[in-house]
Amino acid sequence: MLLLKLFVKDYQNTESTTVREKYGIISGVSGILLNIILSVLKFIVGAITNSVAITADAFNNLTDCLTSLLTILGFRWSAKPADREHPFGHARIEYLISLAVAGIILVTGYEVVRSSITAIIDPETLYFSIWAVVVMVFSMVVKLWMMVFNKKLGKAINSNTLMAVGVDSRNDVLINAVALFSLIFALITGISIDGYVGVLLGLVFLRAGYNVAKESLGRIIGNPSDGSIANKIKEIIKGHEGVLGVHDLVVHSYGPGRDMASVYVEVPMDLPLKDSYSIVKEIRCSVDKQLRIPIVIQLTPIDLGDERLRNIVGITQDFIAKEHPSLHPNEFRIIDEVPKPIIVFDLEFPLVIKKDNALVLRDLIAKEVRLLLPGYDCDINIEYGYAE
């Protein structure tokens with residue numbers, strides 16, 4: 001991380017918008033310089049050896065320059081502060097840049113497959129050169145460094161764009177290794193597998209582009225909330241005195257480092273309004289201080305004075321926590337009906353449980369609650385959480 005220490009003041013403060021922007025610029029500038037060098041070398045060697053794989057990889061290095069330029073522009077644009085037209089800031093632009101990188105990878109993959117099929121139909125003689133070996137090995141070393149460098153940067157600032165650039169560099173390492181293998185194979189056996197190797201490389205590109213596009217689109221459309229962040233928020237809230245439970249937590253992402261949350265917090269029904277407000281204020285301050293996430297809180301009053309309800313809640317929660325720990329019951333109430341009172345509560349399911357399975361599990365739990373509390377009927381409402 002010598003480059004960061006030299007060019008980024010306070011480089012460890014990765015939650016700073018300015019620091020994030022400089023991370024992206026360093027990645028982009030280093031990518032442009034290195035890819036131009038590699039591209040020139042590979043075009044020369046490709047012409048000498050008559051290798052479509054090496055020439056295609058030279059073209060790929062040129063497109064990587066465009067990727068690096070987009071990275072710089074994307075981080076500059078996403079660092080812009082909030083304004084009247086965009087009150088939540090511009091951080092989601094980074095996801096659009098990731099999608100653009102995916103598009104470049106997909107186009108490159110298509111071109112490599114197309115040129116490789118042409119080489120299979122009309123193969124040309126490969127000419128071995130020691131310079132080809134030198135350039136390909138040098139390229140592998142450079143791309144390996146770029147892969148490690150961009151992935152470290154991406155993890156440090158939670159950047160989908162830099163992680164995508166790292167994936168692209170990783171694929172380039174594999175591509176150079178396979179291209180070098182095809183060249184040596186032709187020298188030893190006299191058989192050209194250059195076109196077939198090119199098709200394989202193109203398919204690798206297409207798969208990588210698809211994965212990056214899928215991840216970027218998911219973030220733009222709205223992925224489930226990060227489970228670890230959701231759990232941290234719940235732990236902070238439950239740690240405050242007077243809180244009985246937490247449910248329906250939603251973490252809204254407006255880009256890397258730009259999260260907002262909303263949640264229902266259960267408190268005693270007889271708690272004075274002043275004390276309830278104090279709890280809300282303390283929770284908001286704690287979450288903002290520890291996670292830097294603004295949070296909107298809605299209070300759910302629980303009638304602890306009803307001994308009958310208190311007993312039902314205790315038995316039901318203990319049973320579900322023991323037998324079905326991934327489910328979260330909340331908002332218990334009793335409806336007095338004839339011939340039996342009805343226990344009604346909401347049951348929050350994780351997103352990984354499919355709807356049909358959730359219905360079966362709900363009916364099973366309702367049956368078990370009726371056995372535990374034979375004097376009551378049971379009606380359960382299914383809810384789905386928003387976290388992973």
# chains A, B, ... in the order shown; residues from 1 in each chain; ligands from 1

call {"tool": "select_by_dssp", "arguments": {"residues": "range 125-338 of chain A", "states": "strand (DSSP E)", "output": "PyMOL selection string"}}
result
chain A and resi 245-253+259-268+295-302+328-335

call {"tool": "residues_around", "arguments": {"residues": "Asp10 in chain A", "least_positions_apart": "5", "cutoff": "12 Å", "atoms": "only C-alpha atoms", "output": "ChimeraX atom specification"}}
result
/A:4-5,15-20,22-23

call {"tool": "write_last_selection", "arguments": {"atoms": "C-alpha atoms", "output": "PDB file, in the first residue's frame"}}
result
ATOM      1  CA  LEU A   4      -1.748   5.010  -0.773  1.00  0.00           C
ATOM      2  CA  LYS A   5       0.724   6.259   1.814  1.00  0.00           C
ATOM      3  CA  GLU A  15     -15.343   6.011   5.197  1.00  0.00           C
ATOM      4  CA  SER A  16     -14.325   9.481   4.024  1.00  0.00           C
ATOM      5  CA  THR A  17     -15.756  10.447   0.632  1.00  0.00           C
ATOM      6  CA  THR A  18     -12.527  12.222  -0.281  1.00  0.00           C
ATOM      7  CA  VAL A  19     -10.423   9.180   0.602  1.00  0.00           C
ATOM      8  CA  ARG A  20     -12.729   6.892  -1.421  1.00  0.00           C
ATOM      9  CA  LYS A  22      -8.574   9.127  -4.208  1.00  0.00           C
ATOM     10  CA  TYR A  23      -8.568   5.335  -3.943  1.00  0.00           C
TER      11      TYR A  23
END

call {"tool": "residues_around", "arguments": {"residues": "Arg333 in chain A", "least_positions_apart": "4", "cutoff": "10 Å", "atoms": "only C-alpha atoms", "output": "list in words"}}
result
Ile302, Asp303, Leu309, Arg310, Ile312, Val313, Ile342, Ile343, Val344, Phe345 and Asp346 of chain A

call {"tool": "write_last_selection", "arguments": {"atoms": "all heavy atoms", "output": "PDB file, in the first residue's frame"}}
result
ATOM      1  N   ILE A 302     -46.165  -2.677  23.796  1.00  0.00           N
ATOM      2  CA  ILE A 302     -46.487  -4.021  24.262  1.00  0.00           C
ATOM      3  C   ILE A 302     -47.122  -3.924  25.647  1.00  0.00           C
ATOM      4  O   ILE A 302     -46.569  -3.287  26.559  1.00  0.00           O
ATOM      5  CB  ILE A 302     -45.225  -4.902  24.330  1.00  0.00           C
ATOM      6  CG1 ILE A 302     -44.551  -4.976  22.954  1.00  0.00           C
ATOM      7  CG2 ILE A 302     -45.569  -6.300  24.835  1.00  0.00           C
ATOM      8  CD1 ILE A 302     -45.382  -5.607  21.878  1.00  0.00           C
ATOM      9  N   ASP A 303     -48.276  -4.527  25.807  1.00  0.00           N
ATOM     10  CA  ASP A 303     -49.020  -4.451  27.068  1.00  0.00           C
ATOM     11  C   ASP A 303     -48.476  -5.480  28.063  1.00  0.00           C
ATOM     12  O   ASP A 303     -48.910  -6.626  28.104  1.00  0.00           O
ATOM     13  CB  ASP A 303     -50.512  -4.691  26.811  1.00  0.00           C
ATOM     14  CG  ASP A 303     -51.355  -4.448  28.062  1.00  0.00           C
ATOM     15  OD1 ASP A 303     -50.788  -3.999  29.086  1.00  0.00           O
ATOM     16  OD2 ASP A 303     -52.578  -4.693  28.006  1.00  0.00           O
ATOM     17  N   LEU A 309     -51.293 -12.246  28.385  1.00  0.00           N
ATOM     18  CA  LEU A 309     -50.503 -12.021  27.173  1.00  0.00           C
ATOM     19  C   LEU A 309     -49.018 -12.212  27.451  1.00  0.00           C
ATOM     20  O   LEU A 309     -48.292 -12.799  26.638  1.00  0.00           O
ATOM     21  CB  LEU A 309     -50.766 -10.612  26.626  1.00  0.00           C
ATOM     22  CG  LEU A 309     -49.988 -10.222  25.362  1.00  0.00           C
ATOM     23  CD1 LEU A 309     -50.349 -11.147  24.211  1.00  0.00           C
ATOM     24  CD2 LEU A 309     -50.269  -8.764  24.983  1.00  0.00           C
ATOM     25  N   ARG A 310     -48.564 -11.719  28.600  1.00  0.00           N
ATOM     26  CA  ARG A 310     -47.149 -11.847  28.942  1.00  0.00           C
ATOM     27  C   ARG A 310     -46.729 -13.310  29.016  1.00  0.00           C
ATOM     28  O   ARG A 310     -45.661 -13.696  28.554  1.00  0.00           O
ATOM     29  CB  ARG A 310     -46.886 -11.135  30.272  1.00  0.00           C
ATOM     30  CG  ARG A 310     -45.413 -11.023  30.618  1.00  0.00           C
ATOM     31  CD  ARG A 310     -45.164 -10.014  31.729  1.00  0.00           C
ATOM     32  NE  ARG A 310     -45.800 -10.416  32.979  1.00  0.00           N
ATOM     33  CZ  ARG A 310     -46.815  -9.775  33.552  1.00  0.00           C
ATOM     34  NH1 ARG A 310     -47.334  -8.699  32.969  1.00  0.00           N
ATOM     35  NH2 ARG A 310     -47.327 -10.193  34.697  1.00  0.00           N
ATOM     36  N   ILE A 312     -48.212 -15.857  27.443  1.00  0.00           N
ATOM     37  CA  ILE A 312     -48.270 -16.413  26.085  1.00  0.00           C
ATOM     38  C   ILE A 312     -47.032 -16.027  25.289  1.00  0.00           C
ATOM     39  O   ILE A 312     -46.427 -16.869  24.603  1.00  0.00           O
ATOM     40  CB  ILE A 312     -49.556 -15.932  25.375  1.00  0.00           C
ATOM     41  CG1 ILE A 312     -50.780 -16.622  25.976  1.00  0.00           C
ATOM     42  CG2 ILE A 312     -49.470 -16.177  23.873  1.00  0.00           C
ATOM     43  CD1 ILE A 312     -52.093 -16.073  25.472  1.00  0.00           C
ATOM     44  N   VAL A 313     -46.634 -14.763  25.379  1.00  0.00           N
ATOM     45  CA  VAL A 313     -45.460 -14.284  24.646  1.00  0.00           C
ATOM     46  C   VAL A 313     -44.212 -15.040  25.091  1.00  0.00           C
ATOM     47  O   VAL A 313     -43.405 -15.487  24.269  1.00  0.00           O
ATOM     48  CB  VAL A 313     -45.272 -12.767  24.851  1.00  0.00           C
ATOM     49  CG1 VAL A 313     -43.930 -12.324  24.286  1.00  0.00           C
ATOM     50  CG2 VAL A 313     -46.401 -11.986  24.187  1.00  0.00           C
ATOM     51  N   ILE A 342     -58.082 -16.133  20.427  1.00  0.00           N
ATOM     52  CA  ILE A 342     -57.123 -16.369  19.342  1.00  0.00           C
ATOM     53  C   ILE A 342     -55.824 -15.612  19.638  1.00  0.00           C
ATOM     54  O   ILE A 342     -55.846 -14.401  19.874  1.00  0.00           O
ATOM     55  CB  ILE A 342     -57.685 -15.910  17.985  1.00  0.00           C
ATOM     56  CG1 ILE A 342     -59.017 -16.602  17.695  1.00  0.00           C
ATOM     57  CG2 ILE A 342     -56.684 -16.203  16.862  1.00  0.00           C
ATOM     58  CD1 ILE A 342     -59.712 -16.063  16.449  1.00  0.00           C
ATOM     59  N   ILE A 343     -54.722 -16.352  19.626  1.00  0.00           N
ATOM     60  CA  ILE A 343     -53.403 -15.717  19.724  1.00  0.00           C
ATOM     61  C   ILE A 343     -52.986 -15.311  18.314  1.00  0.00           C
ATOM     62  O   ILE A 343     -52.917 -16.143  17.410  1.00  0.00           O
ATOM     63  CB  ILE A 343     -52.351 -16.690  20.300  1.00  0.00           C
ATOM     64  CG1 ILE A 343     -52.786 -17.219  21.662  1.00  0.00           C
ATOM     65  CG2 ILE A 343     -50.988 -16.029  20.381  1.00  0.00           C
ATOM     66  CD1 ILE A 343     -51.953 -18.386  22.155  1.00  0.00           C
ATOM     67  N   VAL A 344     -52.732 -14.028  18.133  1.00  0.00           N
ATOM     68  CA  VAL A 344     -52.333 -13.517  16.823  1.00  0.00           C
ATOM     69  C   VAL A 344     -50.941 -12.885  16.944  1.00  0.00           C
ATOM     70  O   VAL A 344     -50.687 -12.114  17.865  1.00  0.00           O
ATOM     71  CB  VAL A 344     -53.328 -12.462  16.302  1.00  0.00           C
ATOM     72  CG1 VAL A 344     -52.892 -11.961  14.925  1.00  0.00           C
ATOM     73  CG2 VAL A 344     -54.740 -13.041  16.234  1.00  0.00           C
ATOM     74  N   PHE A 345     -50.051 -13.248  16.050  1.00  0.00           N
ATOM     75  CA  PHE A 345     -48.748 -12.585  16.014  1.00  0.00           C
ATOM     76  C   PHE A 345     -48.149 -12.670  14.621  1.00  0.00           C
ATOM     77  O   PHE A 345     -48.575 -13.482  13.783  1.00  0.00           O
ATOM     78  CB  PHE A 345     -47.784 -13.176  17.057  1.00  0.00           C
ATOM     79  CG  PHE A 345     -47.451 -14.630  16.884  1.00  0.00           C
ATOM     80  CD1 PHE A 345     -46.342 -15.029  16.139  1.00  0.00           C
ATOM     81  CD2 PHE A 345     -48.235 -15.610  17.487  1.00  0.00           C
ATOM     82  CE1 PHE A 345     -46.028 -16.366  16.000  1.00  0.00           C
ATOM     83  CE2 PHE A 345     -47.921 -16.960  17.360  1.00  0.00           C
ATOM     84  CZ  PHE A 345     -46.812 -17.346  16.603  1.00  0.00           C
ATOM     85  N   ASP A 346     -47.178 -11.808  14.362  1.00  0.00           N
ATOM     86  CA  ASP A 346     -46.471 -11.801  13.082  1.00  0.00           C
ATOM     87  C   ASP A 346     -45.208 -12.640  13.232  1.00  0.00           C
ATOM     88  O   ASP A 346     -44.544 -12.612  14.268  1.00  0.00           O
ATOM     89  CB  ASP A 346     -46.083 -10.378  12.676  1.00  0.00           C
ATOM     90  CG  ASP A 346     -47.313  -9.494  12.471  1.00  0.00           C
ATOM     91  OD1 ASP A 346     -48.398 -10.047  12.239  1.00  0.00           O
ATOM     92  OD2 ASP A 346     -47.174  -8.259  12.551  1.00  0.00           O
TER      93      ASP A 346
END

call {"tool": "residues_around", "arguments": {"residues": "Ile93 in chain A", "least_positions_apart": "3", "cutoff": "7 Å", "atoms": "only C-alpha atoms", "output": "list in words"}}
result
Gly74, Trp77, Ser78, His90, Leu96 and Ile97 of chain A

call {"tool": "residues_around", "arguments": {"residues": "range 201-208 of chain A", "least_positions_apart": "3", "cutoff": "7 Å", "atoms": "only C-alpha atoms", "output": "VMD selection string"}}
result
chain A and resid 105 to 106 109 to 110 112 to 113 175 197 to 198 211 to 212

call {"tool": "write_last_selection", "arguments": {"atoms": "all heavy atoms", "output": "PDB file, in the first residue's frame"}}
result
ATOM      1  N   ILE A 105     -16.300  -5.872 -20.562  1.00  0.00           N
ATOM      2  CA  ILE A 105     -15.822  -7.255 -20.478  1.00  0.00           C
ATOM      3  C   ILE A 105     -16.607  -8.153 -21.431  1.00  0.00           C
ATOM      4  O   ILE A 105     -16.039  -9.006 -22.122  1.00  0.00           O
ATOM      5  CB  ILE A 105     -15.932  -7.775 -19.034  1.00  0.00           C
ATOM      6  CG1 ILE A 105     -15.011  -6.981 -18.105  1.00  0.00           C
ATOM      7  CG2 ILE A 105     -15.574  -9.258 -18.956  1.00  0.00           C
ATOM      8  CD1 ILE A 105     -15.185  -7.323 -16.634  1.00  0.00           C
ATOM      9  N   LEU A 106     -17.930  -7.960 -21.487  1.00  0.00           N
ATOM     10  CA  LEU A 106     -18.767  -8.779 -22.370  1.00  0.00           C
ATOM     11  C   LEU A 106     -18.442  -8.543 -23.847  1.00  0.00           C
ATOM     12  O   LEU A 106     -18.350  -9.492 -24.632  1.00  0.00           O
ATOM     13  CB  LEU A 106     -20.242  -8.488 -22.101  1.00  0.00           C
ATOM     14  CG  LEU A 106     -20.802  -8.997 -20.763  1.00  0.00           C
ATOM     15  CD1 LEU A 106     -22.194  -8.426 -20.525  1.00  0.00           C
ATOM     16  CD2 LEU A 106     -20.850 -10.524 -20.750  1.00  0.00           C
ATOM     17  N   GLY A 109     -15.163 -10.173 -24.630  1.00  0.00           N
ATOM     18  CA  GLY A 109     -15.343 -11.615 -24.745  1.00  0.00           C
ATOM     19  C   GLY A 109     -15.916 -12.018 -26.086  1.00  0.00           C
ATOM     20  O   GLY A 109     -15.472 -13.003 -26.703  1.00  0.00           O
ATOM     21  N   TYR A 110     -16.907 -11.268 -26.539  1.00  0.00           N
ATOM     22  CA  TYR A 110     -17.512 -11.550 -27.845  1.00  0.00           C
ATOM     23  C   TYR A 110     -16.488 -11.430 -28.965  1.00  0.00           C
ATOM     24  O   TYR A 110     -16.410 -12.287 -29.866  1.00  0.00           O
ATOM     25  CB  TYR A 110     -18.677 -10.589 -28.086  1.00  0.00           C
ATOM     26  CG  TYR A 110     -19.163 -10.584 -29.519  1.00  0.00           C
ATOM     27  CD1 TYR A 110     -19.961 -11.619 -30.007  1.00  0.00           C
ATOM     28  CD2 TYR A 110     -18.792  -9.556 -30.385  1.00  0.00           C
ATOM     29  CE1 TYR A 110     -20.383 -11.625 -31.332  1.00  0.00           C
ATOM     30  CE2 TYR A 110     -19.218  -9.554 -31.704  1.00  0.00           C
ATOM     31  CZ  TYR A 110     -20.012 -10.587 -32.175  1.00  0.00           C
ATOM     32  OH  TYR A 110     -20.432 -10.589 -33.483  1.00  0.00           O
ATOM     33  N   VAL A 112     -13.224 -11.674 -28.801  1.00  0.00           N
ATOM     34  CA  VAL A 112     -12.209 -12.732 -28.712  1.00  0.00           C
ATOM     35  C   VAL A 112     -12.772 -14.039 -29.270  1.00  0.00           C
ATOM     36  O   VAL A 112     -12.094 -14.754 -30.020  1.00  0.00           O
ATOM     37  CB  VAL A 112     -11.733 -12.911 -27.256  1.00  0.00           C
ATOM     38  CG1 VAL A 112     -10.860 -14.158 -27.125  1.00  0.00           C
ATOM     39  CG2 VAL A 112     -10.954 -11.687 -26.798  1.00  0.00           C
ATOM     40  N   VAL A 113     -14.016 -14.368 -28.919  1.00  0.00           N
ATOM     41  CA  VAL A 113     -14.638 -15.596 -29.437  1.00  0.00           C
ATOM     42  C   VAL A 113     -14.759 -15.523 -30.956  1.00  0.00           C
ATOM     43  O   VAL A 113     -14.446 -16.494 -31.679  1.00  0.00           O
ATOM     44  CB  VAL A 113     -16.020 -15.821 -28.791  1.00  0.00           C
ATOM     45  CG1 VAL A 113     -16.765 -16.950 -29.498  1.00  0.00           C
ATOM     46  CG2 VAL A 113     -15.871 -16.154 -27.308  1.00  0.00           C
ATOM     47  N   ILE A 175      -5.611 -15.639 -18.794  1.00  0.00           N
ATOM     48  CA  ILE A 175      -5.565 -15.535 -20.246  1.00  0.00           C
ATOM     49  C   ILE A 175      -4.120 -15.557 -20.748  1.00  0.00           C
ATOM     50  O   ILE A 175      -3.778 -16.254 -21.709  1.00  0.00           O
ATOM     51  CB  ILE A 175      -6.273 -14.244 -20.708  1.00  0.00           C
ATOM     52  CG1 ILE A 175      -7.786 -14.419 -20.573  1.00  0.00           C
ATOM     53  CG2 ILE A 175      -5.903 -13.882 -22.140  1.00  0.00           C
ATOM     54  CD1 ILE A 175      -8.549 -13.146 -20.730  1.00  0.00           C
ATOM     55  N   VAL A 197      -7.966 -22.119 -27.900  1.00  0.00           N
ATOM     56  CA  VAL A 197      -7.646 -21.429 -26.646  1.00  0.00           C
ATOM     57  C   VAL A 197      -8.343 -20.073 -26.602  1.00  0.00           C
ATOM     58  O   VAL A 197      -8.866 -19.649 -25.572  1.00  0.00           O
ATOM     59  CB  VAL A 197      -6.124 -21.253 -26.503  1.00  0.00           C
ATOM     60  CG1 VAL A 197      -5.797 -20.351 -25.319  1.00  0.00           C
ATOM     61  CG2 VAL A 197      -5.456 -22.607 -26.317  1.00  0.00           C
ATOM     62  N   GLY A 198      -8.379 -19.398 -27.755  1.00  0.00           N
ATOM     63  CA  GLY A 198      -9.042 -18.094 -27.815  1.00  0.00           C
ATOM     64  C   GLY A 198     -10.526 -18.182 -27.486  1.00  0.00           C
ATOM     65  O   GLY A 198     -11.071 -17.322 -26.793  1.00  0.00           O
ATOM     66  N   ASN A 211     -21.215 -12.124 -14.454  1.00  0.00           N
ATOM     67  CA  ASN A 211     -21.206 -12.076 -12.986  1.00  0.00           C
ATOM     68  C   ASN A 211     -21.117 -10.647 -12.474  1.00  0.00           C
ATOM     69  O   ASN A 211     -21.806 -10.269 -11.517  1.00  0.00           O
ATOM     70  CB  ASN A 211     -20.044 -12.903 -12.431  1.00  0.00           C
ATOM     71  CG  ASN A 211     -20.256 -14.395 -12.617  1.00  0.00           C
ATOM     72  OD1 ASN A 211     -21.385 -14.858 -12.721  1.00  0.00           O
ATOM     73  ND2 ASN A 211     -19.185 -15.158 -12.666  1.00  0.00           N
ATOM     74  N   VAL A 212     -20.269  -9.837 -13.107  1.00  0.00           N
ATOM     75  CA  VAL A 212     -20.136  -8.436 -12.685  1.00  0.00           C
ATOM     76  C   VAL A 212     -21.436  -7.682 -12.953  1.00  0.00           C
ATOM     77  O   VAL A 212     -21.901  -6.888 -12.123  1.00  0.00           O
ATOM     78  CB  VAL A 212     -18.955  -7.758 -13.408  1.00  0.00           C
ATOM     79  CG1 VAL A 212     -18.925  -6.263 -13.101  1.00  0.00           C
ATOM     80  CG2 VAL A 212     -17.634  -8.399 -12.985  1.00  0.00           C
TER      81      VAL A 212
END

call {"tool": "residues_around", "arguments": {"residues": "Pro339 in chain A", "least_positions_apart": "4", "cutoff": "10 Å", "atoms": "only C-alpha atoms", "output": "number ranges by chain"}}
result
A: 375-377

call {"tool": "closest_residue", "arguments": {"among": "A:Lys274, A:Ile32, A:Arg258, A:Ser192", "to": "Pro81 in chain A", "atoms": "only C-alpha atoms"}}
result
A:Arg258

call {"tool": "residues_around", "arguments": {"residues": "range 292-299 of chain A", "least_positions_apart": "4", "cutoff": "10 Å", "atoms": "only C-alpha atoms", "output": "number ranges by chain"}}
result
A: 15, 229, 233, 243, 246, 249-252, 257-269, 276-277, 279-281, 283-288

call {"tool": "closest_atom_pairs", "arguments": {"of": "range 168-222 of chain A", "to": "range 127-148 of chain A", "cutoff": "10 Å", "atoms": "only C-alpha atoms", "output": "JSON lines"}}
result
{"residue": "A:Asp168", "atom": "CA", "partner": "A:Met147", "partner_atom": "CA", "distance": 7.7}
{"residue": "A:Ser169", "atom": "CA", "partner": "A:Met147", "partner_atom": "CA", "distance": 4.9}
{"residue": "A:Arg170", "atom": "CA", "partner": "A:Met147", "partner_atom": "CA", "distance": 5.5}
{"residue": "A:Asn171", "atom": "CA", "partner": "A:Lys143", "partner_atom": "CA", "distance": 8.9}
{"residue": "A:Asp172", "atom": "CA", "partner": "A:Lys143", "partner_atom": "CA", "distance": 6.5}
{"residue": "A:Val173", "atom": "CA", "partner": "A:Met140", "partner_atom": "CA", "distance": 5.0}
{"residue": "A:Leu174", "atom": "CA", "partner": "A:Met140", "partner_atom": "CA", "distance": 8.0}
{"residue": "A:Ile175", "atom": "CA", "partner": "A:Met140", "partner_atom": "CA", "distance": 8.7}
{"residue": "A:Asn176", "atom": "CA", "partner": "A:Met136", "partner_atom": "CA", "distance": 5.9}
{"residue": "A:Ala177", "atom": "CA", "partner": "A:Met140", "partner_atom": "CA", "distance": 7.2}
{"residue": "A:Val178", "atom": "CA", "partner": "A:Met136", "partner_atom": "CA", "distance": 9.9}
{"residue": "A:Ala179", "atom": "CA", "partner": "A:Met136", "partner_atom": "CA", "distance": 8.1}
{"residue": "A:Leu180", "atom": "CA", "partner": "A:Met136", "partner_atom": "CA", "distance": 6.5}
{"residue": "A:Phe181", "atom": "CA", "partner": "A:Val133", "partner_atom": "CA", "distance": 9.6}
{"residue": "A:Leu183", "atom": "CA", "partner": "A:Phe128", "partner_atom": "CA", "distance": 6.8}
{"residue": "A:Ile184", "atom": "CA", "partner": "A:Phe128", "partner_atom": "CA", "distance": 7.7}
{"residue": "A:Ala186", "atom": "CA", "partner": "A:Phe128", "partner_atom": "CA", "distance": 8.3}
{"residue": "A:Leu187", "atom": "CA", "partner": "A:Phe128", "partner_atom": "CA", "distance": 6.6}

call {"tool": "atom_distance", "arguments": {"atom1": "CA of Tyr95 in chain A", "atom2": "CA of Ile220 in chain A"}}
result
6.6 Å

call {"tool": "select_by_dssp", "arguments": {"residues": "range 49-251 of chain A", "states": "alpha helix (DSSP H)", "output": "JSON, numbers by chain"}}
result
{"A": [49, 52, 53, 54, 55, 56, 57, 58, 59, 60, 61, 62, 63, 64, 65, 66, 67, 68, 69, 70, 71, 72, 73, 74, 75, 76, 77, 78, 93, 94, 95, 96, 97, 98, 99, 100, 101, 102, 103, 104, 105, 106, 107, 108, 109, 110, 111, 112, 113, 114, 115, 116, 117, 118, 119, 120, 121, 130, 131, 132, 133, 134, 135, 136, 137, 138, 139, 140, 141, 142, 143, 144, 145, 146, 147, 148, 149, 150, 151, 152, 153, 154, 155, 156, 157, 160, 161, 162, 163, 164, 165, 166, 167, 168, 169, 170, 171, 172, 173, 174, 175, 176, 177, 178, 179, 180, 181, 182, 183, 184, 185, 186, 187, 188, 189, 194, 195, 196, 197, 198, 199, 200, 201, 202, 203, 204, 205, 206, 207, 208, 209, 210, 211, 212, 213, 214, 215, 216, 217, 218, 219, 220, 221, 227, 228, 229, 230, 231, 232, 233, 234, 235, 236, 237, 238]}

call {"tool": "atom_distance", "arguments": {"atom1": "CA of Phe332 in chain A", "atom2": "CA of Leu271 in chain A"}}
result
17.7 Å
